[in-house]
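Below you'll find the structure, written out as C-alpha cells, and then a few comments.
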Amino acid sequence: MKRWRETAAIFERVVRLADAGERAAIATVIRIDGSAYRRPGAKFLVERGGETRGGVSGGCLEADVRDNALALLPGGGSRLLHYDTGSDDETVWGLGLGCEGAVDIFVQAIGPDFPAAQALERMNAHGGFETAQPFSITTVIHGPDVGKVTLGPPADVSRAEGHVFVDALHPPPVLCIFGAGDDARPLAGLALDNGFDVTVVDHRRGYLTPERFPPPVRLVQRRSSEGVPALGKHHYAVVQTHSLQHDREWLRALLAQPLAYLGLLGPRGRREEILKQLGTAADDLYAPVGLDLGAEGPEQVAVSIVSEILAVRAGRPPLHLRDRRGGIHADD
C-alpha cells in the first residue's frame with residue numbers, strides 16, 4: 001500500500017539524477033517465498049555515491065544489494081539476485097538470518113530510456129478526493145531484451161511471469177477525516193505514514209491550516225449540507241467532529257456512499273442516538289471506531305483507528321501474529 005508513494009519518491013529522484021547526468025541503479029523485489037519483510041514491487045535506489053532510498057527488506061539485505069548495484073554502475077546492465085533467509089548457517093553469504101523465506105531481487109542500472117518521468121506524471125495526477133489511475137511497469141528480467149522497461153495497463157498484483165516482471169502500481173487508498181479537531185492531527189499523520197492519502201474536511205477555515213495539517217494532507221472546507229463528491233471502495237472515512245449535529249449530517253451524506261470503511265468516534269450510546277435520528281441501523285458502521293487496544297489520548301486512539309482500517313482493508317480479523325498459522329503475508 002505504501003509502494004505508490006515510495007515509488008514516486010524514487011522516480012522523482014531518478015528524474016533529478018538524469019537531469020544532472022548522474023547514473024543510478026534500482027533494485028526491485030520480484031518474487032518472495034515464505035516470510036519476507038517486503039512484497040514484490042518494493043524498490044531500493046542506489047546512487048553512484050552510495051546514497052540510497054527505499055528498501056527491499058527490513059535492513060538485512062540492503063548492504064549486499066547496494067554492493068551489487070554499485071558494481072553494475074560503471075558498465076551498466078542488470079543482475080538477478082537470490083537470497084535464502086532460512087536458518088541454515090550457510091545461507092545468505094554466510095549469515096543465517098532465520099527469517100524462513102526466500103527473496104529474488106532484480107537489480108538494473110538505469111539509463112535515459114528508463115520511463116521514470118512518464119510514470120511520475122501518471123502518479124502525480126491527483127486532485128481533490130480523486131486519485132490517479134493504476135498502471136503497470138513491465139521489466140524484462142531474462143533473455144536478449146533484459147532490462148527493457150515499458151509502461152502498460154493496470155495489473156491486479158505485482159508478479160514475475162516467465163521472462164518479465166509486472167509491477168502493478170495502484171494509487172493509495174484515501175482516508176477522509178470529517179472534523180479537523182486536535183485529535184484529527186495524529187490520525188492524519190499516522191495514516192500518511194501507513195500509505196494512505198489523507199483529506200481533512202471541516203467547515204471551520206481556522207482549523208484547516210498547513211501548520212496543523214502539513215502537506216501532503218489535503219484540506220477541504222465544506223459543510224455537510226454541501227454534500228460529498230462521489231466516493232467508492234477506494235475511500236475510507238472517519239467522522240469525528242465532536243458535534244452531535246455535524247456528525248449526524250455527515251453520516252447522513254456518507255451512508256449513501258459505497259465506502260470501503262466508515263467509522264464514527266464516540267461511545268456506543270451516542271452512535272445509537274445518531275442512528276435513531278437518521279432512522280437507520282447502519283450495521284456496517286464501525287462505531288465506536290477503532291480496535292480495543294485500551295487506547296488513551298489522541299495518539300493512541302489514532303493507532304486504534306488505523307489498525308482497524310488496515311485489518312478491514314486486508315480482510316483479516318485482528319489477531320496476534322503469534323496465533324496466525326502460515327506465513328505473515330500468506331493468503332488465508
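Letters for chains follow the order of the C-alpha cells (A, B, ...), residue numbers begin at 1 for each chain, and ligand numbers begin at 1 in the order shown.
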For this session: Do a neighbour search on Val239 (chain A) at 10 Å with only C-alpha atoms, toss out local chain neighbours closer than 6 positions, and write the hits as a list in words.
Result: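 Residues meeting the cut-off are Cys176, Ile177, Phe178, Gly179, Ala180, Ala184, Val201, His246, Asp247, Arg248, Trp250, Leu251, Leu254, Leu262, Gly263, Leu264, Leu265, Gly266, Ala287 and Val289 of chain A.
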Can you list, as JSON, numbers by chain, all residues belonging to region 75-239 of chain A that DSSP tags as alpha helix (DSSP H)? {"A": [91, 92, 93, 94, 116, 117, 118, 119, 120, 121, 122, 123, 184, 185, 186, 187, 188, 189, 190, 191, 192, 193]}
Separating CA of Ala24 (chain A) from CA of Gly162 (chain A), to the nearest tenth of an Å, is a gap of 26.1 Å
Could you check the closest approach to Ala132 (chain A) for each of A:Val56, A:Val46, A:Leu80, A:Leu120 and tell me which residue wins, using only C-alpha atoms?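 When distances to Ala132 (chain A) are compared using only C-alpha atoms, the smallest one comes from A:Leu120.
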Set the distance at 7 Å and use only C-alpha atoms: which residues neighbour Pro171 (chain A) once local chain neighbours fewer than 2 positions away are removed? I'd like the list as an MDAnalysis selection string. chainID A and resid 4 131:134 169 173
Include C-alpha atoms and write out the residues we just selected as an mmCIF file, in the first residue's frame.
data_model
loop_
_atom_site.group_PDB
_atom_site.id
_atom_site.type_symbol
_atom_site.label_atom_id
_atom_site.label_comp_id
_atom_site.auth_asym_id
_atom_site.auth_seq_id
_atom_site.Cartn_x
_atom_site.Cartn_y
_atom_site.Cartn_z
ATOM 1 C CA TRP A 4 2.877 4.165 -4.643
ATOM 2 C CA THR A 131 -6.715 9.811 -7.339
ATOM 3 C CA ALA A 132 -4.636 8.843 -10.329
ATOM 4 C CA GLN A 133 -5.361 5.717 -12.317
ATOM 5 C CA PRO A 134 -3.488 2.451 -11.737
ATOM 6 C CA LEU A 169 1.031 0.195 -9.193
ATOM 7 C CA PRO A 173 -6.422 4.402 -0.619
#
Against region 31-42 of chain A, which residues of region 153-231 of chain A fall within 9 Å? For each one I want the closest pair of atoms and the distance in Å (one decimal), counting only C-alpha atoms, rows by chain and increasing residue number, as JSON lines.
{"residue": "A:Val157", "atom": "CA", "partner": "A:Pro40", "partner_atom": "CA", "distance": 8.7}
{"residue": "A:Ser158", "atom": "CA", "partner": "A:Pro40", "partner_atom": "CA", "distance": 5.9}
{"residue": "A:Arg159", "atom": "CA", "partner": "A:Pro40", "partner_atom": "CA", "distance": 6.6}
{"residue": "A:Ala160", "atom": "CA", "partner": "A:Arg31", "partner_atom": "CA", "distance": 6.6}
{"residue": "A:Phe165", "atom": "CA", "partner": "A:Gly41", "partner_atom": "CA", "distance": 9.0}
{"residue": "A:Val166", "atom": "CA", "partner": "A:Gly41", "partner_atom": "CA", "distance": 8.5}
{"residue": "A:Asp167", "atom": "CA", "partner": "A:Gly41", "partner_atom": "CA", "distance": 5.6}
{"residue": "A:Ala168", "atom": "CA", "partner": "A:Gly41", "partner_atom": "CA", "distance": 7.6}
{"residue": "A:Leu169", "atom": "CA", "partner": "A:Gly41", "partner_atom": "CA", "distance": 8.4}
Export N, CA and C atoms of the chosen residues as a JSON list (two decimals), in the first residue's frame?
[["chain", "number", "residue", "atom", "x", "y", "z"],
["A", 157, "VAL", "N", -1.91, -7.64, -9.48],
["A", 157, "VAL", "CA", -0.85, -7.74, -8.47],
["A", 157, "VAL", "C", 0.50, -7.73, -9.16],
["A", 158, "SER", "N", 1.54, -7.39, -8.40],
["A", 158, "SER", "CA", 2.91, -7.46, -8.92],
["A", 158, "SER", "C", 3.36, -8.91, -8.91],
["A", 159, "ARG", "N", 3.93, -9.37, -10.03],
["A", 159, "ARG", "CA", 4.30, -10.79, -10.12],
["A", 159, "ARG", "C", 5.30, -11.00, -11.26],
["A", 160, "ALA", "N", 6.11, -12.04, -11.10],
["A", 160, "ALA", "CA", 7.01, -12.47, -12.16],
["A", 160, "ALA", "C", 6.27, -13.44, -13.06],
["A", 165, "PHE", "N", 8.82, -9.19, -15.31],
["A", 165, "PHE", "CA", 8.21, -8.87, -14.02],
["A", 165, "PHE", "C", 7.23, -7.73, -14.25],
["A", 166, "VAL", "N", 5.98, -7.96, -13.85],
["A", 166, "VAL", "CA", 4.93, -6.96, -13.98],
["A", 166, "VAL", "C", 4.72, -6.30, -12.62],
["A", 167, "ASP", "N", 5.02, -5.02, -12.55],
["A", 167, "ASP", "CA", 4.90, -4.26, -11.31],
["A", 167, "ASP", "C", 3.58, -3.50, -11.33],
["A", 168, "ALA", "N", 2.60, -3.97, -10.57],
["A", 168, "ALA", "CA", 1.28, -3.34, -10.53],
["A", 168, "ALA", "C", 1.29, -2.19, -9.54],
["A", 169, "LEU", "N", 1.03, -1.00, -10.03],
["A", 169, "LEU", "CA", 1.03, 0.20, -9.19],
["A", 169, "LEU", "C", -0.38, 0.75, -9.07]]
Report task. Rounded to one decimal place, report the CA of Arg268 (chain A)-CA of Leu285 (chain A) distance in Å. Result ->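 It comes out at 11.5 Å.
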Using only C-alpha atoms, which residues of region 101-186 of chain A come within 9 Å of region 6-17 of chain A, and what is the closest atom pair for each, with the distance in Å to one decimal? Give it as JSON lines, sorted by chain and residue number.
{"residue": "A:Ile110", "atom": "CA", "partner": "A:Val14", "partner_atom": "CA", "distance": 8.7}
{"residue": "A:Pro115", "atom": "CA", "partner": "A:Phe11", "partner_atom": "CA", "distance": 8.9}
{"residue": "A:Ala116", "atom": "CA", "partner": "A:Phe11", "partner_atom": "CA", "distance": 5.2}
{"residue": "A:Ala117", "atom": "CA", "partner": "A:Val15", "partner_atom": "CA", "distance": 6.1}
{"residue": "A:Ala119", "atom": "CA", "partner": "A:Phe11", "partner_atom": "CA", "distance": 7.7}
{"residue": "A:Leu120", "atom": "CA", "partner": "A:Ala8", "partner_atom": "CA", "distance": 6.0}
{"residue": "A:Met123", "atom": "CA", "partner": "A:Ala8", "partner_atom": "CA", "distance": 6.7}
{"residue": "A:Asn124", "atom": "CA", "partner": "A:Ala8", "partner_atom": "CA", "distance": 8.2}
{"residue": "A:Leu169", "atom": "CA", "partner": "A:Thr7", "partner_atom": "CA", "distance": 8.8}
Practice prompt. For region 312-314 of chain A, list every protein, DNA or RNA residue within 12 Å, evaluated using only C-alpha atoms, and leave out those in the same chain fewer than 6 positions away; present the list as an MDAnalysis selection string.
Written response: chainID A and resid 1 172:175 196 233:236 259:263 284 286 290:291 305:306 329:332
Distance query Gly111 (chain A) at most 8 Å, only C-alpha atoms, self and fewer than 3 positions along chain excluded, as number ranges by chain:
A: 18, 23, 114
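Reported to one decimal place, the separation of CA of Asp202 (chain A) from CA of Arg222 (chain A) is 5.7 Å.
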